[in-house]
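Structure file work_27.cif with mmCIF, C-alpha atoms; chains and numbers go by the auth columns:
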```cif
data_query
#
loop_
_atom_site.group_PDB
_atom_site.id
_atom_site.type_symbol
_atom_site.label_atom_id
_atom_site.label_comp_id
_atom_site.label_asym_id
_atom_site.label_seq_id
_atom_site.Cartn_x
_atom_site.Cartn_y
_atom_site.Cartn_z
_atom_site.B_iso_or_equiv
_atom_site.auth_seq_id
_atom_site.auth_asym_id
ATOM 1 C CA MET A 1 0.000 0.000 0.000 0.00 1 A
ATOM 2 C CA LYS A 2 1.318 3.477 -0.878 0.00 2 A
ATOM 3 C CA LYS A 3 1.985 5.886 1.995 0.00 3 A
ATOM 4 C CA GLU A 4 -0.611 8.300 0.631 0.00 4 A
ATOM 5 C CA ASP A 5 -3.300 5.575 0.515 0.00 5 A
ATOM 6 C CA LYS A 6 -2.439 4.583 4.036 0.00 6 A
ATOM 7 C CA SER A 7 -2.827 8.070 5.454 0.00 7 A
ATOM 8 C CA LYS A 8 -6.118 8.624 3.612 0.00 8 A
ATOM 9 C CA LEU A 9 -7.448 5.343 4.973 0.00 9 A
ATOM 10 C CA GLU A 10 -6.163 6.319 8.446 0.00 10 A
ATOM 11 C CA GLU A 11 -8.248 9.499 8.244 0.00 11 A
ATOM 12 C CA PHE A 12 -11.422 7.559 7.427 0.00 12 A
ATOM 13 C CA ARG A 13 -10.712 5.054 10.159 0.00 13 A
ATOM 14 C CA ARG A 14 -10.239 7.682 12.836 0.00 14 A
ATOM 15 C CA SER A 15 -13.653 9.090 12.010 0.00 15 A
ATOM 16 C CA ILE A 16 -15.190 5.608 12.057 0.00 16 A
ATOM 17 C CA ASP A 17 -13.506 4.938 15.414 0.00 17 A
ATOM 18 C CA ASN A 18 -14.985 8.139 16.838 0.00 18 A
ATOM 19 C CA LEU A 19 -18.467 7.222 15.636 0.00 19 A
ATOM 20 C CA ASP A 20 -18.079 3.695 17.025 0.00 20 A
ATOM 21 C CA ALA A 21 -17.111 5.006 20.450 0.00 21 A
ATOM 22 C CA ALA A 22 -20.200 7.244 20.434 0.00 22 A
ATOM 23 C CA LEU A 23 -22.262 4.247 19.303 0.00 23 A
ATOM 24 C CA ILE A 24 -21.077 2.051 22.175 0.00 24 A
ATOM 25 C CA TYR A 25 -21.798 4.758 24.753 0.00 25 A
ATOM 26 C CA LEU A 26 -25.251 5.382 23.280 0.00 26 A
ATOM 27 C CA VAL A 27 -26.138 1.709 23.274 0.00 27 A
ATOM 28 C CA ALA A 28 -24.803 1.366 26.836 0.00 28 A
ATOM 29 C CA GLU A 29 -27.083 4.216 27.901 0.00 29 A
ATOM 30 C CA ARG A 30 -30.047 2.670 26.056 0.00 30 A
ATOM 31 C CA PHE A 31 -29.535 -0.554 28.033 0.00 31 A
ATOM 32 C CA ARG A 32 -29.345 1.408 31.294 0.00 32 A
ATOM 33 C CA LEU A 33 -32.766 2.827 30.467 0.00 33 A
ATOM 34 C CA THR A 34 -34.338 -0.440 29.358 0.00 34 A
ATOM 35 C CA GLN A 35 -32.901 -2.061 32.500 0.00 35 A
ATOM 36 C CA GLN A 36 -34.787 0.536 34.555 0.00 36 A
ATOM 37 C CA VAL A 37 -37.932 -0.087 32.496 0.00 37 A
ATOM 38 C CA GLY A 38 -37.601 -3.821 33.187 0.00 38 A
ATOM 39 C CA GLU A 39 -37.215 -3.253 36.909 0.00 39 A
ATOM 40 C CA TYR A 40 -40.081 -0.782 36.981 0.00 40 A
ATOM 41 C CA LYS A 41 -42.361 -3.196 35.138 0.00 41 A
ATOM 42 C CA ARG A 42 -41.462 -6.052 37.448 0.00 42 A
ATOM 43 C CA ALA A 43 -41.996 -3.931 40.590 0.00 43 A
ATOM 44 C CA ASN A 44 -45.385 -2.788 39.284 0.00 44 A
ATOM 45 C CA ASN A 45 -46.506 -6.087 37.810 0.00 45 A
ATOM 46 C CA LEU A 46 -46.718 -4.688 34.308 0.00 46 A
ATOM 47 C CA PRO A 47 -46.526 -6.970 31.265 0.00 47 A
ATOM 48 C CA PRO A 48 -42.962 -7.254 29.849 0.00 48 A
ATOM 49 C CA ALA A 49 -43.841 -6.765 26.182 0.00 49 A
ATOM 50 C CA ASP A 50 -45.929 -4.138 24.425 0.00 50 A
ATOM 51 C CA GLU A 51 -46.412 -4.924 20.755 0.00 51 A
ATOM 52 C CA GLY A 52 -48.040 -1.590 19.943 0.00 52 A
ATOM 53 C CA ARG A 53 -45.045 0.232 21.367 0.00 53 A
ATOM 54 C CA GLU A 54 -42.625 -1.932 19.411 0.00 54 A
ATOM 55 C CA SER A 55 -44.300 -1.442 16.058 0.00 55 A
ATOM 56 C CA GLU A 56 -44.560 2.328 16.592 0.00 56 A
ATOM 57 C CA LEU A 57 -40.891 2.474 17.525 0.00 57 A
ATOM 58 C CA ILE A 58 -39.876 0.540 14.426 0.00 58 A
ATOM 59 C CA ALA A 59 -42.075 2.599 12.087 0.00 59 A
ATOM 60 C CA ARG A 60 -40.529 5.785 13.490 0.00 60 A
ATOM 61 C CA LEU A 61 -36.962 4.514 13.128 0.00 61 A
ATOM 62 C CA ARG A 62 -37.591 3.366 9.561 0.00 62 A
ATOM 63 C CA GLN A 63 -38.696 6.919 8.789 0.00 63 A
ATOM 64 C CA LEU A 64 -35.601 8.401 10.468 0.00 64 A
ATOM 65 C CA ALA A 65 -33.436 5.943 8.524 0.00 65 A
ATOM 66 C CA SER A 66 -35.058 7.056 5.296 0.00 66 A
ATOM 67 C CA ASP A 67 -34.464 10.704 6.219 0.00 67 A
ATOM 68 C CA SER A 68 -30.769 10.021 6.858 0.00 68 A
ATOM 69 C CA GLU A 69 -30.353 7.785 3.767 0.00 69 A
ATOM 70 C CA LEU A 70 -29.778 4.632 5.790 0.00 70 A
ATOM 71 C CA ASP A 71 -31.460 1.508 4.392 0.00 71 A
ATOM 72 C CA PRO A 72 -34.723 1.284 6.430 0.00 72 A
ATOM 73 C CA ASP A 73 -34.630 -2.543 6.282 0.00 73 A
ATOM 74 C CA PHE A 74 -31.157 -2.536 7.779 0.00 74 A
ATOM 75 C CA ALA A 75 -32.272 -0.030 10.461 0.00 75 A
ATOM 76 C CA GLU A 76 -35.170 -2.315 11.343 0.00 76 A
ATOM 77 C CA ARG A 77 -32.918 -5.385 11.559 0.00 77 A
ATOM 78 C CA LEU A 78 -30.469 -3.437 13.718 0.00 78 A
ATOM 79 C CA ILE A 79 -33.083 -2.231 16.180 0.00 79 A
ATOM 80 C CA ARG A 80 -34.643 -5.709 16.368 0.00 80 A
ATOM 81 C CA PHE A 81 -31.172 -7.082 17.144 0.00 81 A
ATOM 82 C CA ILE A 82 -30.957 -4.647 20.079 0.00 82 A
ATOM 83 C CA ILE A 83 -34.553 -5.236 21.219 0.00 83 A
ATOM 84 C CA ASP A 84 -33.995 -9.025 21.243 0.00 84 A
ATOM 85 C CA GLU A 85 -31.168 -8.482 23.713 0.00 85 A
ATOM 86 C CA VAL A 86 -33.407 -6.204 25.821 0.00 86 A
ATOM 87 C CA VAL A 87 -36.042 -8.970 25.950 0.00 87 A
ATOM 88 C CA ARG A 88 -33.397 -11.492 27.068 0.00 88 A
ATOM 89 C CA ASN A 89 -32.279 -9.055 29.783 0.00 89 A
ATOM 90 C CA HIS A 90 -35.885 -8.525 30.926 0.00 90 A
ATOM 91 C CA GLU A 91 -36.383 -12.263 31.156 0.00 91 A
ATOM 92 C CA ARG A 92 -33.295 -12.428 33.363 0.00 92 A
ATOM 93 C CA ILE A 93 -34.688 -9.626 35.573 0.00 93 A
ATOM 94 C CA ARG A 94 -38.013 -11.451 35.935 0.00 94 A
ATOM 95 C CA ALA A 95 -36.274 -14.737 36.725 0.00 95 A
ATOM 96 C CA SER A 96 -34.001 -13.179 39.371 0.00 96 A
ATOM 97 C CA MET B 1 -52.330 0.121 33.659 0.00 1 B
ATOM 98 C CA LYS B 2 -52.557 2.941 36.212 0.00 2 B
ATOM 99 C CA LYS B 3 -52.209 6.505 34.927 0.00 3 B
ATOM 100 C CA GLU B 4 -49.079 6.997 37.056 0.00 4 B
ATOM 101 C CA ASP B 5 -47.423 3.878 35.622 0.00 5 B
ATOM 102 C CA LYS B 6 -48.259 5.060 32.154 0.00 6 B
ATOM 103 C CA SER B 7 -46.650 8.464 32.575 0.00 7 B
ATOM 104 C CA LYS B 8 -43.529 6.976 34.190 0.00 8 B
ATOM 105 C CA LEU B 9 -43.188 4.555 31.272 0.00 9 B
ATOM 106 C CA GLU B 10 -43.800 7.434 28.858 0.00 10 B
ATOM 107 C CA GLU B 11 -40.844 9.268 30.390 0.00 11 B
ATOM 108 C CA PHE B 12 -38.536 6.286 29.897 0.00 12 B
ATOM 109 C CA ARG B 13 -39.762 5.800 26.362 0.00 13 B
ATOM 110 C CA ARG B 14 -39.154 9.382 25.359 0.00 14 B
ATOM 111 C CA SER B 15 -35.554 9.044 26.466 0.00 15 B
ATOM 112 C CA ILE B 16 -35.204 5.748 24.601 0.00 16 B
ATOM 113 C CA ASP B 17 -36.735 7.367 21.498 0.00 17 B
ATOM 114 C CA ASN B 18 -34.197 10.199 21.696 0.00 18 B
ATOM 115 C CA LEU B 19 -31.298 7.752 21.997 0.00 19 B
ATOM 116 C CA ASP B 20 -32.660 5.685 19.108 0.00 20 B
ATOM 117 C CA ALA B 21 -32.866 8.719 16.849 0.00 21 B
ATOM 118 C CA ALA B 22 -29.239 9.551 17.693 0.00 22 B
ATOM 119 C CA LEU B 23 -28.328 5.907 17.045 0.00 23 B
ATOM 120 C CA ILE B 24 -29.900 5.893 13.579 0.00 24 B
ATOM 121 C CA TYR B 25 -28.153 9.121 12.582 0.00 25 B
ATOM 122 C CA LEU B 26 -24.813 7.813 13.880 0.00 26 B
ATOM 123 C CA VAL B 27 -25.140 4.532 12.010 0.00 27 B
ATOM 124 C CA ALA B 28 -26.209 6.407 8.866 0.00 28 B
ATOM 125 C CA GLU B 29 -23.065 8.539 9.133 0.00 29 B
ATOM 126 C CA ARG B 30 -20.927 5.428 9.746 0.00 30 B
ATOM 127 C CA PHE B 31 -22.248 3.930 6.486 0.00 31 B
ATOM 128 C CA ARG B 32 -21.549 7.169 4.625 0.00 32 B
ATOM 129 C CA LEU B 33 -17.923 6.847 5.743 0.00 33 B
ATOM 130 C CA THR B 34 -17.568 3.141 4.985 0.00 34 B
ATOM 131 C CA GLN B 35 -19.165 3.800 1.593 0.00 35 B
ATOM 132 C CA GLN B 36 -16.381 6.325 0.903 0.00 36 B
ATOM 133 C CA VAL B 37 -13.790 3.813 2.128 0.00 37 B
ATOM 134 C CA GLY B 38 -15.224 1.207 -0.258 0.00 38 B
ATOM 135 C CA GLU B 39 -15.094 3.608 -3.186 0.00 39 B
ATOM 136 C CA TYR B 40 -11.584 4.741 -2.286 0.00 40 B
ATOM 137 C CA LYS B 41 -10.361 1.153 -2.048 0.00 41 B
ATOM 138 C CA ARG B 42 -11.925 0.256 -5.369 0.00 42 B
ATOM 139 C CA ALA B 43 -10.479 3.332 -7.110 0.00 43 B
ATOM 140 C CA ASN B 44 -7.009 2.545 -5.728 0.00 44 B
ATOM 141 C CA ASN B 45 -7.133 -1.201 -6.139 0.00 45 B
ATOM 142 C CA LEU B 46 -6.772 -1.834 -2.435 0.00 46 B
ATOM 143 C CA PRO B 47 -7.949 -5.128 -0.885 0.00 47 B
ATOM 144 C CA PRO B 48 -11.522 -4.923 0.509 0.00 48 B
ATOM 145 C CA ALA B 49 -10.853 -6.563 3.866 0.00 49 B
ATOM 146 C CA ASP B 50 -8.184 -5.932 6.486 0.00 50 B
ATOM 147 C CA GLU B 51 -8.290 -8.495 9.265 0.00 51 B
ATOM 148 C CA GLY B 52 -5.763 -6.690 11.452 0.00 52 B
ATOM 149 C CA ARG B 53 -7.900 -3.552 11.358 0.00 53 B
ATOM 150 C CA GLU B 54 -11.046 -5.518 12.209 0.00 54 B
ATOM 151 C CA SER B 55 -9.567 -7.274 15.220 0.00 55 B
ATOM 152 C CA GLU B 56 -8.096 -4.028 16.569 0.00 56 B
ATOM 153 C CA LEU B 57 -11.439 -2.287 16.127 0.00 57 B
ATOM 154 C CA ILE B 58 -13.278 -5.051 17.971 0.00 58 B
ATOM 155 C CA ALA B 59 -10.750 -5.205 20.832 0.00 59 B
ATOM 156 C CA ARG B 60 -11.075 -1.450 21.291 0.00 60 B
ATOM 157 C CA LEU B 61 -14.882 -1.523 21.286 0.00 61 B
ATOM 158 C CA ARG B 62 -14.949 -4.396 23.778 0.00 62 B
ATOM 159 C CA GLN B 63 -12.843 -2.229 26.099 0.00 63 B
ATOM 160 C CA LEU B 64 -15.156 0.785 25.617 0.00 64 B
ATOM 161 C CA ALA B 65 -18.159 -1.475 26.290 0.00 65 B
ATOM 162 C CA SER B 66 -16.534 -2.656 29.502 0.00 66 B
ATOM 163 C CA ASP B 67 -15.871 0.944 30.540 0.00 67 B
ATOM 164 C CA SER B 68 -19.516 1.874 29.960 0.00 68 B
ATOM 165 C CA GLU B 69 -20.880 -1.309 31.589 0.00 69 B
ATOM 166 C CA LEU B 70 -22.242 -2.713 28.348 0.00 70 B
ATOM 167 C CA ASP B 71 -21.760 -6.464 27.898 0.00 71 B
ATOM 168 C CA PRO B 72 -18.582 -6.699 25.726 0.00 72 B
ATOM 169 C CA ASP B 73 -19.894 -9.858 24.013 0.00 73 B
ATOM 170 C CA PHE B 74 -23.041 -8.017 23.021 0.00 74 B
ATOM 171 C CA ALA B 75 -20.979 -5.031 21.810 0.00 75 B
ATOM 172 C CA GLU B 76 -18.903 -7.380 19.669 0.00 76 B
ATOM 173 C CA ARG B 77 -21.981 -9.078 18.188 0.00 77 B
ATOM 174 C CA LEU B 78 -23.490 -5.659 17.460 0.00 78 B
ATOM 175 C CA ILE B 79 -20.428 -4.305 15.681 0.00 79 B
ATOM 176 C CA ARG B 80 -20.040 -7.546 13.699 0.00 80 B
ATOM 177 C CA PHE B 81 -23.680 -7.193 12.658 0.00 81 B
ATOM 178 C CA ILE B 82 -22.874 -3.708 11.301 0.00 82 B
ATOM 179 C CA ILE B 83 -19.563 -4.774 9.708 0.00 83 B
ATOM 180 C CA ASP B 84 -21.286 -7.678 7.902 0.00 84 B
ATOM 181 C CA GLU B 85 -23.576 -5.140 6.256 0.00 85 B
ATOM 182 C CA VAL B 86 -20.559 -2.976 5.340 0.00 86 B
ATOM 183 C CA VAL B 87 -18.955 -5.996 3.663 0.00 87 B
ATOM 184 C CA ARG B 88 -22.142 -6.683 1.693 0.00 88 B
ATOM 185 C CA ASN B 89 -22.199 -3.024 0.604 0.00 89 B
ATOM 186 C CA HIS B 90 -18.530 -3.178 -0.441 0.00 90 B
ATOM 187 C CA GLU B 91 -19.243 -6.269 -2.501 0.00 91 B
ATOM 188 C CA ARG B 92 -22.033 -4.355 -4.231 0.00 92 B
ATOM 189 C CA ILE B 93 -19.636 -1.441 -4.904 0.00 93 B
ATOM 190 C CA ARG B 94 -17.041 -3.827 -6.402 0.00 94 B
ATOM 191 C CA ALA B 95 -19.644 -5.560 -8.528 0.00 95 B
ATOM 192 C CA SER B 96 -21.098 -2.303 -9.870 0.00 96 B
#
```
Target format structure tokens, applied to this file:
Amino acid sequence: MKKEDKSKLEEFRRSIDNLDAALIYLVAERFRLTQQVGEYKRANNLPPADEGRESELIARLRQLASDSELDPDFAERLIRFIIDEVVRNHERIRAS
Amino acid sequence: MKKEDKSKLEEFRRSIDNLDAALIYLVAERFRLTQQVGEYKRANNLPPADEGRESELIARLRQLASDSELDPDFAERLIRFIIDEVVRNHERIRAS
């Protein structure tokens, strides 16, 4: 690889690294919130899942994805990937 | 559901919705960058994958996840989920 290519790639990668760090912190904070939701629901005997909420959330994120030129199908798969982990965590909270 | 429960849940959900919007915009921006990387690599005949880069990136994100009390295994699965989509996009760029 030429030196010039390497430094150009380095520039891109630094930006990607910055975004990834922000991403991890955001997702960590999202789990802190959903953890609190899980505990609140358990303490108040509320049902763990809410399908209406989930479909609204996904419809909204698909729209935001569209607005930011991210593939809405990918955005939906990504948020479902995160929500699946939230559900597993909530099941652990209920079982504890 | 009691009115009080509903408004408490509403509060949590608004915060989650705000984080999700930030998440979508961040991921959209990450794909804009990796799209540029893909085009740059194609234009300069550079190899599409770089395993050293990927393992460094993952090790770093696992550490950041640990620091922010996010499960590092989940963080790794999440970033691999995103990287897999990047690879599919790069293959489309190369094929086009």
Worksheet entry | Of the listed residues A:Lys2, A:Arg80, A:Arg30, A:Arg14, that which approaches chain B most closely, counting all atoms listed in the file |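 Closest residue, counting all atoms listed in the file: A:Arg30.
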Please produce chain A as a tab-separated table (two decimals) with C-alpha atoms, in the coordinates of the input once it has been superposed on chain B, the fit using all Cα atoms paired in sequence order.
```
chain	number	residue	atom	x	y	z
A	1	MET	CA	-52.34	0.13	33.66
A	2	LYS	CA	-52.56	2.95	36.22
A	3	LYS	CA	-52.19	6.52	34.95
A	4	GLU	CA	-49.08	7.01	37.09
A	5	ASP	CA	-47.42	3.88	35.64
A	6	LYS	CA	-48.25	5.05	32.16
A	7	SER	CA	-46.66	8.46	32.59
A	8	LYS	CA	-43.53	6.97	34.18
A	9	LEU	CA	-43.19	4.54	31.29
A	10	GLU	CA	-43.81	7.43	28.85
A	11	GLU	CA	-40.85	9.26	30.39
A	12	PHE	CA	-38.53	6.28	29.89
A	13	ARG	CA	-39.76	5.79	26.36
A	14	ARG	CA	-39.15	9.38	25.35
A	15	SER	CA	-35.55	9.04	26.46
A	16	ILE	CA	-35.20	5.74	24.60
A	17	ASP	CA	-36.72	7.36	21.50
A	18	ASN	CA	-34.19	10.19	21.68
A	19	LEU	CA	-31.29	7.76	21.99
A	20	ASP	CA	-32.65	5.68	19.10
A	21	ALA	CA	-32.86	8.71	16.84
A	22	ALA	CA	-29.24	9.55	17.68
A	23	LEU	CA	-28.34	5.91	17.03
A	24	ILE	CA	-29.91	5.89	13.57
A	25	TYR	CA	-28.15	9.12	12.58
A	26	LEU	CA	-24.82	7.82	13.87
A	27	VAL	CA	-25.14	4.54	12.02
A	28	ALA	CA	-26.21	6.41	8.86
A	29	GLU	CA	-23.06	8.53	9.13
A	30	ARG	CA	-20.91	5.44	9.73
A	31	PHE	CA	-22.25	3.93	6.49
A	32	ARG	CA	-21.53	7.17	4.62
A	33	LEU	CA	-17.92	6.84	5.74
A	34	THR	CA	-17.56	3.14	4.98
A	35	GLN	CA	-19.17	3.80	1.59
A	36	GLN	CA	-16.39	6.32	0.90
A	37	VAL	CA	-13.79	3.82	2.12
A	38	GLY	CA	-15.23	1.21	-0.27
A	39	GLU	CA	-15.10	3.61	-3.20
A	40	TYR	CA	-11.60	4.75	-2.30
A	41	LYS	CA	-10.37	1.16	-2.06
A	42	ARG	CA	-11.92	0.24	-5.38
A	43	ALA	CA	-10.48	3.33	-7.13
A	44	ASN	CA	-7.03	2.55	-5.73
A	45	ASN	CA	-7.14	-1.21	-6.14
A	46	LEU	CA	-6.79	-1.83	-2.43
A	47	PRO	CA	-7.95	-5.11	-0.88
A	48	PRO	CA	-11.53	-4.90	0.52
A	49	ALA	CA	-10.85	-6.56	3.87
A	50	ASP	CA	-8.20	-5.93	6.50
A	51	GLU	CA	-8.30	-8.51	9.27
A	52	GLY	CA	-5.78	-6.70	11.46
A	53	ARG	CA	-7.91	-3.57	11.36
A	54	GLU	CA	-11.04	-5.52	12.21
A	55	SER	CA	-9.59	-7.28	15.23
A	56	GLU	CA	-8.11	-4.03	16.57
A	57	LEU	CA	-11.45	-2.30	16.14
A	58	ILE	CA	-13.28	-5.06	17.99
A	59	ALA	CA	-10.75	-5.21	20.83
A	60	ARG	CA	-11.08	-1.44	21.29
A	61	LEU	CA	-14.88	-1.52	21.29
A	62	ARG	CA	-14.95	-4.39	23.78
A	63	GLN	CA	-12.85	-2.22	26.09
A	64	LEU	CA	-15.16	0.78	25.61
A	65	ALA	CA	-18.15	-1.48	26.29
A	66	SER	CA	-16.54	-2.65	29.50
A	67	ASP	CA	-15.87	0.96	30.52
A	68	SER	CA	-19.52	1.88	29.94
A	69	GLU	CA	-20.88	-1.31	31.58
A	70	LEU	CA	-22.25	-2.71	28.34
A	71	ASP	CA	-21.77	-6.47	27.90
A	72	PRO	CA	-18.59	-6.70	25.74
A	73	ASP	CA	-19.90	-9.86	24.02
A	74	PHE	CA	-23.05	-8.03	23.02
A	75	ALA	CA	-20.98	-5.04	21.80
A	76	GLU	CA	-18.89	-7.39	19.68
A	77	ARG	CA	-21.97	-9.07	18.20
A	78	LEU	CA	-23.49	-5.66	17.47
A	79	ILE	CA	-20.43	-4.31	15.69
A	80	ARG	CA	-20.04	-7.55	13.71
A	81	PHE	CA	-23.69	-7.19	12.66
A	82	ILE	CA	-22.87	-3.72	11.31
A	83	ILE	CA	-19.56	-4.78	9.72
A	84	ASP	CA	-21.29	-7.68	7.91
A	85	GLU	CA	-23.58	-5.15	6.26
A	86	VAL	CA	-20.56	-2.97	5.34
A	87	VAL	CA	-18.94	-6.00	3.67
A	88	ARG	CA	-22.14	-6.68	1.69
A	89	ASN	CA	-22.20	-3.02	0.61
A	90	HIS	CA	-18.53	-3.17	-0.43
A	91	GLU	CA	-19.22	-6.27	-2.49
A	92	ARG	CA	-22.00	-4.35	-4.23
A	93	ILE	CA	-19.61	-1.44	-4.91
A	94	ARG	CA	-17.02	-3.80	-6.39
A	95	ALA	CA	-19.64	-5.55	-8.53
A	96	SER	CA	-21.07	-2.27	-9.88
```
Discussion item. Assuming the chain letters and numbering stay as they are in my file, what does the PyMOL selection byres ((chain A and resi 38-55) around 8) actually select? List them as a list in words.
Written reply: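 Checked against the file, the PyMOL selection byres ((chain A and resi 38-55) around 8) matches Thr34, Gln35, Gln36, Val37, Glu56, Leu57, Ile58, Ala59, His90, Ile93 and Arg94 of chain A; Met1 and Asp5 of chain B.
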Taking all atoms of range 27-38 of chain A that the file lists, what box with edges along x, y and z, padded by 5 Å per side, do you get, with centre and edge lengths in Å to one decimal, as AutoDock Vina command-line options?
```
--center_x -31.4 --center_y 0.2 --center_z 28.9 --size_x 23.1 --size_y 18.0 --size_z 21.3
```
Worksheet item: Quick one: which residues end up in the PyMOL selection byres ((chain A) within 8 of (chain B)) for this structure, as an MDAnalysis selection string?
Response: chainID A and resid 1 5 9 12 15:17 19:21 23:28 30:31 33:34 37 44 46 57 61 64:65 68:70 75 78 81:82
